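**Student:** This is the structure I have questions about; it appears just below.
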Amino acid sequence: MQTSIATVSLSGGLAEKLEAIAAAGFTGVEIFESDLLSFNGTPKDVARMVASLGLKIVTFQPFRDFEGMPEPQRSRTFARAERKFDLMGELGCDLLMICSNVAPDSLGGIDRAAADFHELGERAQKRGIRVGFEALAWGRHVSDYRDSWEVVRRADHPAIGLTLDSFHIFSRKTDLKAIRSIPGDKIVLVQLADAPWLEMDVISWSRHFRCFPGQGEFPLIEFMDAVSATGYGGLLSLEIFNDQFRAGSPRGVAIDGQRSLVYLMDQMRGRGGVLAAVAPQIPPRGKCLGIEFLEFAADDRAAEKLAKLFAGLGFSKVGEHKSKAVTRWSQGRINLVLNSDKEGFAHSHQIAHGPSVCALCLKVDDATATLDRAERLRDTPFRQAVGPGELQIPAVRGLGGSLLYFVDPKSQLGRLWDIDFTAPKEPQGNGGTGLTTVDHVSQSMHYEEMLSWLLFYNSLLDVTKTPQLDVIDPGGIVRSQVVQTADGSLRIALNASQSQQTLSSRFLTHYFGSGVQHIALATSDIVATVRRLRANGVDMLPIPENYYDDLEARTDLSAERLDVLRAHGILYDRDEAGEYLQAYTRSFEDLFFFEIVERRGYKGFGAVNASIRLAAQTREAKS
């Protein structure tokens, strides 16, 4: 599979962009004219740099306002094209990208445009150059790919071909059927971009909110099916305009781009057509069976406090690692691992972030295959030294430098607790409090990271993403989106904010990076659980009286039930499927906290209560 990305998709100077593109495994690059103009060197210097990195310049773009110009502008436009051909000769590039005319003085007419392209084709062919014509969604006369194809068809020249761009097609909600009738050999380039569905002017939408395949909401598989039906088996290129990408690391963004194309092509397997035939052969997305454990890194002081908190939450110390200062705490199907060892990854994580969740371990159907898929997707594998007879658990780097481990029930990894742990010499615990499973984990991250981690989870695991929500925090807006399995065995909430005053952003500052901010634990009786937690000395987050007054006004809950919720600081929501009850512990050293939830058929996450919780936590942080 040949892949390319446009230099405009990344931040940095041209040299930095090219190095990032090559490191991510792309074979080609689209050179944007603005990047070339700002480069401190000649086009031949760029050509040498590209060749030294093992890349090929697949197109030079954009050439604007070409077709349908009246004289004398028409003659000047052809002269400008000749100069670009000269420049392309120095670059070693043989494809010029022309986007449809937006000039107010341009003239319409398919035949007029076709005649212009035929003449340009004659000139280009003498130079060994091809021309691709793309319909901009806001083009003055040509804004539909069906019209740009008709221009190319009537131009009837071997040097003139069609460029298809998914954004320009989907943003106009153009039917895809006509693509299937286009001969594949007349398509010179396919450009891919995803995006969220937004109600705004299409130019702003295009220039700020494009994203990689799998990060938005466009039905790109349908687009790929249509392209594949043409017989096109050529290059797939990414052309992304996105403010978050421009604020991010060029290497990280480039890797995301390559990952998105591998994932997209993986979804094409078995669908028929040329593109399906060249799709990479990689293991399927890992089927997640649940969270096997959460690992907390802590020094001796924090470990003692965390052990007390775990016991208060109803966990019992049931295991000690054979060779490390690591303990296992268990309740129901929940396992918390407390790592205060003085060497290894967790120790380094603790030094950088303080007491924190340094790793998640997922139980999947096949841990080896999941790791293999992760590596094919350009995720970063992780290994560290283990003691004799101990397990080497497959892992990749996760959010904020944390780890994501994989175990499965069909290998020795399923016997992790028997192989690596022994019974504790001094059992601890206050008896269970009714907690059963991990309901969900919430991760806070920098705003520009959110699309990256959304793609990470979606491409690696068999999960779906919920619609994005904006949550009101006293300090601003927090954007939240959840990835989850169909059966709810894994739910991960991704949160980010552009405001520096939100609780999510303050966590990033205090924590020195992105990471797990809260863990939601499920119970079948939240009132009984909260009562036990309080009896065990667990500090619960106080909820203001006004909340319950409003709850009484907007629901039909009985006075008796409202009194119970009020007495225990429990928040309430419901949807068409059922009810949701939630309560929160106070934050542990302003770093993370636990949520206690009871689901009664409810599918969401209590978003209506998020602002109440955030306001209460903000008050606690200031007190």
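Labels for the structure tokens follow display order: chains A, B, ..., residues from 1 in each chain, ligands from 1.
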DSSP says alpha helix (DSSP H) for which residues of stretch 157-223 of chain A? Put them as a PyMOL selection string?
**Tutor:** chain A and resi 166-171+202-208+220-223
**Student:** If you run DSSP on the backbone, which residues of stretch 51-118 of chain A are strand (DSSP E), as a VMD selection string?
**Tutor:** chain A and resid 56 to 63 95 to 99
**Student:** Do you know which residues are at most 10 Å from stretch 499-504 of chain A counting only C-alpha atoms, after dropping those on the same chain fewer than 5 positions away, and could you put them as a PyMOL selection string?
**Tutor:** chain A and resi 443-447+472-479+509+514+517+590+614-615+617-618+621
**Student:** For the selection just defined, write its residues with N, CA, C and O atoms to a file, as a PDB file, in the first residue's frame.
**Tutor:**
ATOM      1  N   GLN A 443      -9.753   9.615  31.335  1.00  0.00           N
ATOM      2  CA  GLN A 443      -8.405  10.111  31.091  1.00  0.00           C
ATOM      3  C   GLN A 443      -8.458  11.572  30.644  1.00  0.00           C
ATOM      4  O   GLN A 443      -9.223  11.921  29.745  1.00  0.00           O
ATOM      5  N   SER A 444      -7.648  12.405  31.294  1.00  0.00           N
ATOM      6  CA  SER A 444      -7.549  13.814  30.907  1.00  0.00           C
ATOM      7  C   SER A 444      -6.281  14.017  30.098  1.00  0.00           C
ATOM      8  O   SER A 444      -5.239  13.437  30.395  1.00  0.00           O
ATOM      9  N   MET A 445      -6.379  14.856  29.083  1.00  0.00           N
ATOM     10  CA  MET A 445      -5.252  15.044  28.165  1.00  0.00           C
ATOM     11  C   MET A 445      -5.262  16.458  27.612  1.00  0.00           C
ATOM     12  O   MET A 445      -6.251  17.193  27.744  1.00  0.00           O
ATOM     13  N   HIS A 446      -4.165  16.838  26.992  1.00  0.00           N
ATOM     14  CA  HIS A 446      -4.100  18.122  26.318  1.00  0.00           C
ATOM     15  C   HIS A 446      -5.064  18.114  25.132  1.00  0.00           C
ATOM     16  O   HIS A 446      -5.282  17.085  24.486  1.00  0.00           O
ATOM     17  N   TYR A 447      -5.619  19.272  24.844  1.00  0.00           N
ATOM     18  CA  TYR A 447      -6.650  19.383  23.805  1.00  0.00           C
ATOM     19  C   TYR A 447      -6.173  18.825  22.466  1.00  0.00           C
ATOM     20  O   TYR A 447      -6.905  18.117  21.778  1.00  0.00           O
ATOM     21  N   ILE A 472     -19.806  21.591  30.981  1.00  0.00           N
ATOM     22  CA  ILE A 472     -19.555  22.900  31.570  1.00  0.00           C
ATOM     23  C   ILE A 472     -18.790  22.748  32.875  1.00  0.00           C
ATOM     24  O   ILE A 472     -19.252  22.112  33.822  1.00  0.00           O
ATOM     25  N   ASP A 473     -17.607  23.325  32.898  1.00  0.00           N
ATOM     26  CA  ASP A 473     -16.769  23.397  34.093  1.00  0.00           C
ATOM     27  C   ASP A 473     -16.762  24.863  34.537  1.00  0.00           C
ATOM     28  O   ASP A 473     -16.865  25.760  33.695  1.00  0.00           O
ATOM     29  N   PRO A 474     -16.645  25.144  35.843  1.00  0.00           N
ATOM     30  CA  PRO A 474     -16.577  26.550  36.256  1.00  0.00           C
ATOM     31  C   PRO A 474     -15.477  27.331  35.560  1.00  0.00           C
ATOM     32  O   PRO A 474     -15.556  28.561  35.444  1.00  0.00           O
ATOM     33  N   GLY A 475     -14.442  26.638  35.096  1.00  0.00           N
ATOM     34  CA  GLY A 475     -13.332  27.323  34.442  1.00  0.00           C
ATOM     35  C   GLY A 475     -13.374  27.295  32.933  1.00  0.00           C
ATOM     36  O   GLY A 475     -12.441  27.760  32.270  1.00  0.00           O
ATOM     37  N   GLY A 476     -14.438  26.757  32.332  1.00  0.00           N
ATOM     38  CA  GLY A 476     -14.513  26.699  30.876  1.00  0.00           C
ATOM     39  C   GLY A 476     -15.226  25.457  30.388  1.00  0.00           C
ATOM     40  O   GLY A 476     -15.938  24.785  31.142  1.00  0.00           O
ATOM     41  N   ILE A 477     -15.020  25.126  29.123  1.00  0.00           N
ATOM     42  CA  ILE A 477     -15.666  23.977  28.494  1.00  0.00           C
ATOM     43  C   ILE A 477     -14.693  22.808  28.435  1.00  0.00           C
ATOM     44  O   ILE A 477     -13.538  22.968  28.044  1.00  0.00           O
ATOM     45  N   VAL A 478     -15.174  21.613  28.811  1.00  0.00           N
ATOM     46  CA  VAL A 478     -14.401  20.389  28.685  1.00  0.00           C
ATOM     47  C   VAL A 478     -15.046  19.539  27.605  1.00  0.00           C
ATOM     48  O   VAL A 478     -16.248  19.265  27.655  1.00  0.00           O
ATOM     49  N   ARG A 479     -14.262  19.164  26.636  1.00  0.00           N
ATOM     50  CA  ARG A 479     -14.746  18.279  25.574  1.00  0.00           C
ATOM     51  C   ARG A 479     -14.551  16.837  26.017  1.00  0.00           C
ATOM     52  O   ARG A 479     -13.477  16.457  26.479  1.00  0.00           O
ATOM     53  N   THR A 509      -1.553  20.198  34.781  1.00  0.00           N
ATOM     54  CA  THR A 509      -0.473  20.992  35.357  1.00  0.00           C
ATOM     55  C   THR A 509       0.060  20.343  36.632  1.00  0.00           C
ATOM     56  O   THR A 509       1.274  20.211  36.825  1.00  0.00           O
ATOM     57  N   SER A 514      -0.591  14.162  30.797  1.00  0.00           N
ATOM     58  CA  SER A 514      -1.885  13.514  30.630  1.00  0.00           C
ATOM     59  C   SER A 514      -1.924  12.196  31.409  1.00  0.00           C
ATOM     60  O   SER A 514      -0.894  11.556  31.613  1.00  0.00           O
ATOM     61  N   GLN A 517      -7.581  10.426  35.413  1.00  0.00           N
ATOM     62  CA  GLN A 517      -8.006  11.360  36.451  1.00  0.00           C
ATOM     63  C   GLN A 517      -9.060  10.759  37.377  1.00  0.00           C
ATOM     64  O   GLN A 517      -9.136  11.141  38.535  1.00  0.00           O
ATOM     65  N   ASP A 590      -5.175  15.790  45.191  1.00  0.00           N
ATOM     66  CA  ASP A 590      -5.526  16.608  44.020  1.00  0.00           C
ATOM     67  C   ASP A 590      -5.085  15.982  42.701  1.00  0.00           C
ATOM     68  O   ASP A 590      -4.876  16.691  41.702  1.00  0.00           O
ATOM     69  N   LEU A 614     -18.091  18.962  38.951  1.00  0.00           N
ATOM     70  CA  LEU A 614     -16.926  19.804  38.702  1.00  0.00           C
ATOM     71  C   LEU A 614     -16.922  21.042  39.600  1.00  0.00           C
ATOM     72  O   LEU A 614     -15.878  21.453  40.103  1.00  0.00           O
ATOM     73  N   ALA A 615     -18.087  21.639  39.785  1.00  0.00           N
ATOM     74  CA  ALA A 615     -18.173  22.806  40.660  1.00  0.00           C
ATOM     75  C   ALA A 615     -17.822  22.431  42.101  1.00  0.00           C
ATOM     76  O   ALA A 615     -17.108  23.168  42.801  1.00  0.00           O
ATOM     77  N   GLN A 617     -15.913  19.934  43.059  1.00  0.00           N
ATOM     78  CA  GLN A 617     -14.485  19.649  43.145  1.00  0.00           C
ATOM     79  C   GLN A 617     -13.654  20.928  43.083  1.00  0.00           C
ATOM     80  O   GLN A 617     -12.602  21.030  43.731  1.00  0.00           O
ATOM     81  N   THR A 618     -14.119  21.900  42.321  1.00  0.00           N
ATOM     82  CA  THR A 618     -13.416  23.179  42.254  1.00  0.00           C
ATOM     83  C   THR A 618     -13.435  23.864  43.619  1.00  0.00           C
ATOM     84  O   THR A 618     -12.417  24.420  44.066  1.00  0.00           O
ATOM     85  N   ALA A 621     -10.947  22.148  45.843  1.00  0.00           N
ATOM     86  CA  ALA A 621      -9.558  22.458  45.498  1.00  0.00           C
ATOM     87  C   ALA A 621      -9.144  23.822  46.029  1.00  0.00           C
ATOM     88  O   ALA A 621      -7.979  24.047  46.372  1.00  0.00           O
TER      89      ALA A 621
END
**Student:** Enumerate, in order of chain and increasing residue number, the residues of stretch 475-531 of chain A with an atom no farther than 12 Å from stretch 234-251 of chain A, each with its shortest atom pair and distance in Å to one decimal, counting only C-alpha atoms, as a Markdown table.
**Tutor:**
| residue | atom | partner | partner_atom | distance |
| --- | --- | --- | --- | --- |
| A:Ala496 | CA | A:Gln244 | CA | 11.9 |
| A:Ser497 | CA | A:Gln244 | CA | 11.9 |
| A:Gln498 | CA | A:Gln244 | CA | 10.4 |
**Student:** Kindly export the residues of the current selection with N, CA and C atoms, as a short mmCIF file (atom, residue, chain, number, x, y, z; two decimals), in the first residue's frame.
**Tutor:**
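Output (selection28.cif):
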data_model
loop_
_atom_site.label_atom_id
_atom_site.label_comp_id
_atom_site.auth_asym_id
_atom_site.auth_seq_id
_atom_site.Cartn_x
_atom_site.Cartn_y
_atom_site.Cartn_z
N ALA A 496 -10.71 16.72 27.44
CA ALA A 496 -9.70 17.73 27.13
C ALA A 496 -10.37 19.10 27.11
N SER A 497 -9.59 20.13 27.37
CA SER A 497 -10.13 21.49 27.38
C SER A 497 -9.10 22.46 26.85
N GLN A 498 -9.57 23.46 26.12
CA GLN A 498 -8.68 24.53 25.67
C GLN A 498 -8.45 25.56 26.77
#
**Student:** List as a list in words the protein and nucleic acid residues near A:Ser148, meaning an atom at most 9 Å away when only C-alpha atoms are counted, but skip any in the same chain fewer than 5 places from it.
**Tutor:**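 The neighbour list is Ser100, Ile110, Phe133, Glu134, Ala135, Val142, Ser143, Arg153, Leu162 and Thr163 of chain A.
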**Student:** Can you measure atom CA of A:Gly54 to atom CA of A:Asp86 for me? One decimal in Å is fine.
**Tutor:** 23.2 Å
**Student:** Near A:Glu304, counting only C-alpha atoms, which residues have an atom at most 12 Å away, once you skip same-chain residues fewer than 4 positions from it, shown as a PyMOL selection string?
**Tutor:** chain A and resi 297-300+308-311+327+338-340+355+428
**Student:** Keeping only N, CA and C atoms, write the selected residues as a short mmCIF file (atom, residue, chain, number, x, y, z; two decimals), in the first residue's frame.
**Tutor:**
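Dumped everything to result_19.cif:
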data_model
loop_
_atom_site.label_atom_id
_atom_site.label_comp_id
_atom_site.auth_asym_id
_atom_site.auth_seq_id
_atom_site.Cartn_x
_atom_site.Cartn_y
_atom_site.Cartn_z
N ALA A 297 1.38 3.74 40.70
CA ALA A 297 2.78 3.94 41.09
C ALA A 297 2.81 4.91 42.27
N ALA A 298 3.62 4.60 43.28
CA ALA A 298 3.67 5.46 44.46
C ALA A 298 4.99 5.25 45.20
N ASP A 299 5.44 6.30 45.88
CA ASP A 299 6.57 6.12 46.78
C ASP A 299 6.04 5.54 48.10
N ASP A 300 6.94 5.30 49.05
CA ASP A 300 6.52 4.64 50.29
C ASP A 300 5.45 5.43 51.04
N LYS A 308 -4.39 2.50 52.63
CA LYS A 308 -5.48 2.84 53.55
C LYS A 308 -6.74 3.18 52.78
N LEU A 309 -6.61 3.93 51.67
CA LEU A 309 -7.77 4.27 50.84
C LEU A 309 -8.38 3.02 50.21
N PHE A 310 -7.52 2.14 49.65
CA PHE A 310 -8.02 0.90 49.06
C PHE A 310 -8.81 0.08 50.08
N ALA A 311 -8.26 -0.03 51.27
CA ALA A 311 -8.95 -0.78 52.33
C ALA A 311 -10.28 -0.12 52.66
N THR A 327 1.88 -4.95 45.40
CA THR A 327 0.79 -5.70 46.03
C THR A 327 -0.46 -5.66 45.17
N LEU A 338 -0.66 -2.00 43.46
CA LEU A 338 0.06 -0.90 44.09
C LEU A 338 1.56 -1.17 44.00
N ASN A 339 2.26 -0.36 43.23
CA ASN A 339 3.68 -0.57 42.93
C ASN A 339 4.51 0.52 43.58
N SER A 340 5.27 0.17 44.61
CA SER A 340 6.18 1.12 45.25
C SER A 340 7.63 0.65 45.12
N PRO A 355 2.10 10.06 42.82
CA PRO A 355 1.23 8.88 42.91
C PRO A 355 0.17 8.93 41.81
N GLN A 428 -4.64 -7.37 54.51
CA GLN A 428 -5.25 -6.12 54.92
C GLN A 428 -6.61 -5.99 54.27
#
**Student:** Can you pull out every residue within 10 Å of A:Asp575, counting only C-alpha atoms, but drop anything in the same chain fewer than 3 positions away, and send it as a PyMOL selection string?
**Tutor:** chain A and resi 578-580+601-604+606
**Student:** Could you save those same residues with all heavy atoms as a compact mmCIF listing (two decimals), in the first residue's frame?
**Tutor:**
# COMPACT_ATOMS: atom_id res chain seq x y z
N GLY A 578 -33.04 3.51 31.51
CA GLY A 578 -33.03 3.25 32.93
C GLY A 578 -32.42 4.38 33.74
O GLY A 578 -32.34 5.53 33.28
N GLU A 579 -31.97 4.05 34.95
CA GLU A 579 -31.48 5.05 35.90
C GLU A 579 -29.97 4.90 36.14
O GLU A 579 -29.40 3.83 35.95
CB GLU A 579 -32.21 4.90 37.24
CG GLU A 579 -33.69 5.18 37.17
CD GLU A 579 -34.36 5.01 38.53
OE1 GLU A 579 -34.16 3.93 39.14
OE2 GLU A 579 -35.07 5.94 38.98
N TYR A 580 -29.38 6.00 36.60
CA TYR A 580 -27.95 6.05 36.89
C TYR A 580 -27.75 6.83 38.18
O TYR A 580 -28.23 7.96 38.32
CB TYR A 580 -27.23 6.76 35.74
CG TYR A 580 -25.72 6.73 35.77
CD1 TYR A 580 -25.02 5.55 35.62
CD2 TYR A 580 -25.00 7.91 35.88
CE1 TYR A 580 -23.63 5.54 35.60
CE2 TYR A 580 -23.60 7.92 35.86
CZ TYR A 580 -22.93 6.72 35.71
OH TYR A 580 -21.56 6.71 35.69
N GLY A 601 -29.74 -0.26 33.78
CA GLY A 601 -30.08 -0.24 32.36
C GLY A 601 -29.61 1.00 31.63
O GLY A 601 -29.63 1.05 30.40
N TYR A 602 -29.16 2.00 32.34
CA TYR A 602 -28.74 3.29 31.80
C TYR A 602 -27.48 3.12 30.94
O TYR A 602 -26.57 2.37 31.29
CB TYR A 602 -28.49 4.22 32.98
CG TYR A 602 -28.04 5.61 32.69
CD1 TYR A 602 -28.95 6.66 32.61
CD2 TYR A 602 -26.68 5.92 32.57
CE1 TYR A 602 -28.53 7.97 32.42
CE2 TYR A 602 -26.26 7.22 32.36
CZ TYR A 602 -27.18 8.24 32.28
OH TYR A 602 -26.75 9.53 32.09
N LYS A 603 -27.41 3.87 29.82
CA LYS A 603 -26.29 3.69 28.89
C LYS A 603 -25.24 4.80 28.94
O LYS A 603 -24.14 4.62 28.46
CB LYS A 603 -26.84 3.63 27.44
CG LYS A 603 -27.84 2.52 27.21
CD LYS A 603 -27.24 1.15 27.46
CE LYS A 603 -28.24 0.04 27.12
NZ LYS A 603 -27.70 -1.30 27.45
N GLY A 604 -25.59 5.95 29.53
CA GLY A 604 -24.69 7.09 29.47
C GLY A 604 -23.74 7.17 30.65
O GLY A 604 -23.41 6.17 31.31
N GLY A 606 -23.94 10.10 33.02
CA GLY A 606 -24.35 11.15 33.93
C GLY A 606 -23.88 12.52 33.52
O GLY A 606 -23.55 13.35 34.39
**Student:** Using only C-alpha atoms, find each residue of stretch 490-534 of chain A with at least one atom at most 10 Å away from an atom of stretch 380-404 of chain A; report its shortest atom-to-atom pair and that distance in Å (one decimal), sort the rows by chain and rising residue number, and return the result as a Markdown table.
**Tutor:**
| residue | atom | partner | partner_atom | distance |
| --- | --- | --- | --- | --- |
| A:Leu508 | CA | A:Gly400 | CA | 9.8 |
| A:Phe512 | CA | A:Gly400 | CA | 9.1 |
| A:Gly513 | CA | A:Gly400 | CA | 5.9 |
| A:Ser514 | CA | A:Gly400 | CA | 4.6 |
| A:Gly515 | CA | A:Gly400 | CA | 5.6 |
| A:Val516 | CA | A:Leu399 | CA | 8.5 |
**Student:** Once you have the residues from the selection above, write them out as a PDB file, in the first residue's frame, restricted to all heavy atoms.
**Tutor:**
ATOM      1  N   LEU A 508      -3.674  18.423  34.508  1.00  0.00           N
ATOM      2  CA  LEU A 508      -2.494  18.262  33.652  1.00  0.00           C
ATOM      3  C   LEU A 508      -1.293  19.009  34.217  1.00  0.00           C
ATOM      4  O   LEU A 508      -0.161  18.535  34.161  1.00  0.00           O
ATOM      5  CB  LEU A 508      -2.791  18.767  32.238  1.00  0.00           C
ATOM      6  CG  LEU A 508      -3.920  18.084  31.471  1.00  0.00           C
ATOM      7  CD1 LEU A 508      -4.092  18.720  30.108  1.00  0.00           C
ATOM      8  CD2 LEU A 508      -3.670  16.598  31.340  1.00  0.00           C
ATOM      9  N   PHE A 512       1.702  16.972  35.806  1.00  0.00           N
ATOM     10  CA  PHE A 512       2.808  17.078  34.835  1.00  0.00           C
ATOM     11  C   PHE A 512       2.576  16.174  33.622  1.00  0.00           C
ATOM     12  O   PHE A 512       3.458  15.456  33.179  1.00  0.00           O
ATOM     13  CB  PHE A 512       4.155  16.750  35.482  1.00  0.00           C
ATOM     14  CG  PHE A 512       4.564  17.711  36.556  1.00  0.00           C
ATOM     15  CD1 PHE A 512       4.512  17.346  37.884  1.00  0.00           C
ATOM     16  CD2 PHE A 512       4.989  18.993  36.238  1.00  0.00           C
ATOM     17  CE1 PHE A 512       4.871  18.236  38.884  1.00  0.00           C
ATOM     18  CE2 PHE A 512       5.350  19.890  37.227  1.00  0.00           C
ATOM     19  CZ  PHE A 512       5.292  19.517  38.552  1.00  0.00           C
ATOM     20  N   GLY A 513       1.359  16.242  33.089  1.00  0.00           N
ATOM     21  CA  GLY A 513       1.081  15.491  31.871  1.00  0.00           C
ATOM     22  C   GLY A 513      -0.296  14.863  31.880  1.00  0.00           C
ATOM     23  O   GLY A 513      -1.068  15.001  32.826  1.00  0.00           O
ATOM     24  N   SER A 514      -0.591  14.162  30.797  1.00  0.00           N
ATOM     25  CA  SER A 514      -1.885  13.514  30.630  1.00  0.00           C
ATOM     26  C   SER A 514      -1.924  12.196  31.409  1.00  0.00           C
ATOM     27  O   SER A 514      -0.894  11.556  31.613  1.00  0.00           O
ATOM     28  CB  SER A 514      -2.131  13.230  29.140  1.00  0.00           C
ATOM     29  OG  SER A 514      -2.040  14.421  28.387  1.00  0.00           O
ATOM     30  N   GLY A 515      -3.121  11.799  31.808  1.00  0.00           N
ATOM     31  CA  GLY A 515      -3.241  10.539  32.532  1.00  0.00           C
ATOM     32  C   GLY A 515      -4.641  10.271  33.034  1.00  0.00           C
ATOM     33  O   GLY A 515      -5.597  10.986  32.697  1.00  0.00           O
ATOM     34  N   VAL A 516      -4.776   9.214  33.837  1.00  0.00           N
ATOM     35  CA  VAL A 516      -6.062   8.827  34.410  1.00  0.00           C
ATOM     36  C   VAL A 516      -6.417   9.789  35.535  1.00  0.00           C
ATOM     37  O   VAL A 516      -5.659   9.939  36.491  1.00  0.00           O
ATOM     38  CB  VAL A 516      -6.018   7.377  34.940  1.00  0.00           C
ATOM     39  CG1 VAL A 516      -7.294   7.052  35.723  1.00  0.00           C
ATOM     40  CG2 VAL A 516      -5.843   6.398  33.782  1.00  0.00           C
TER      41      VAL A 516
END
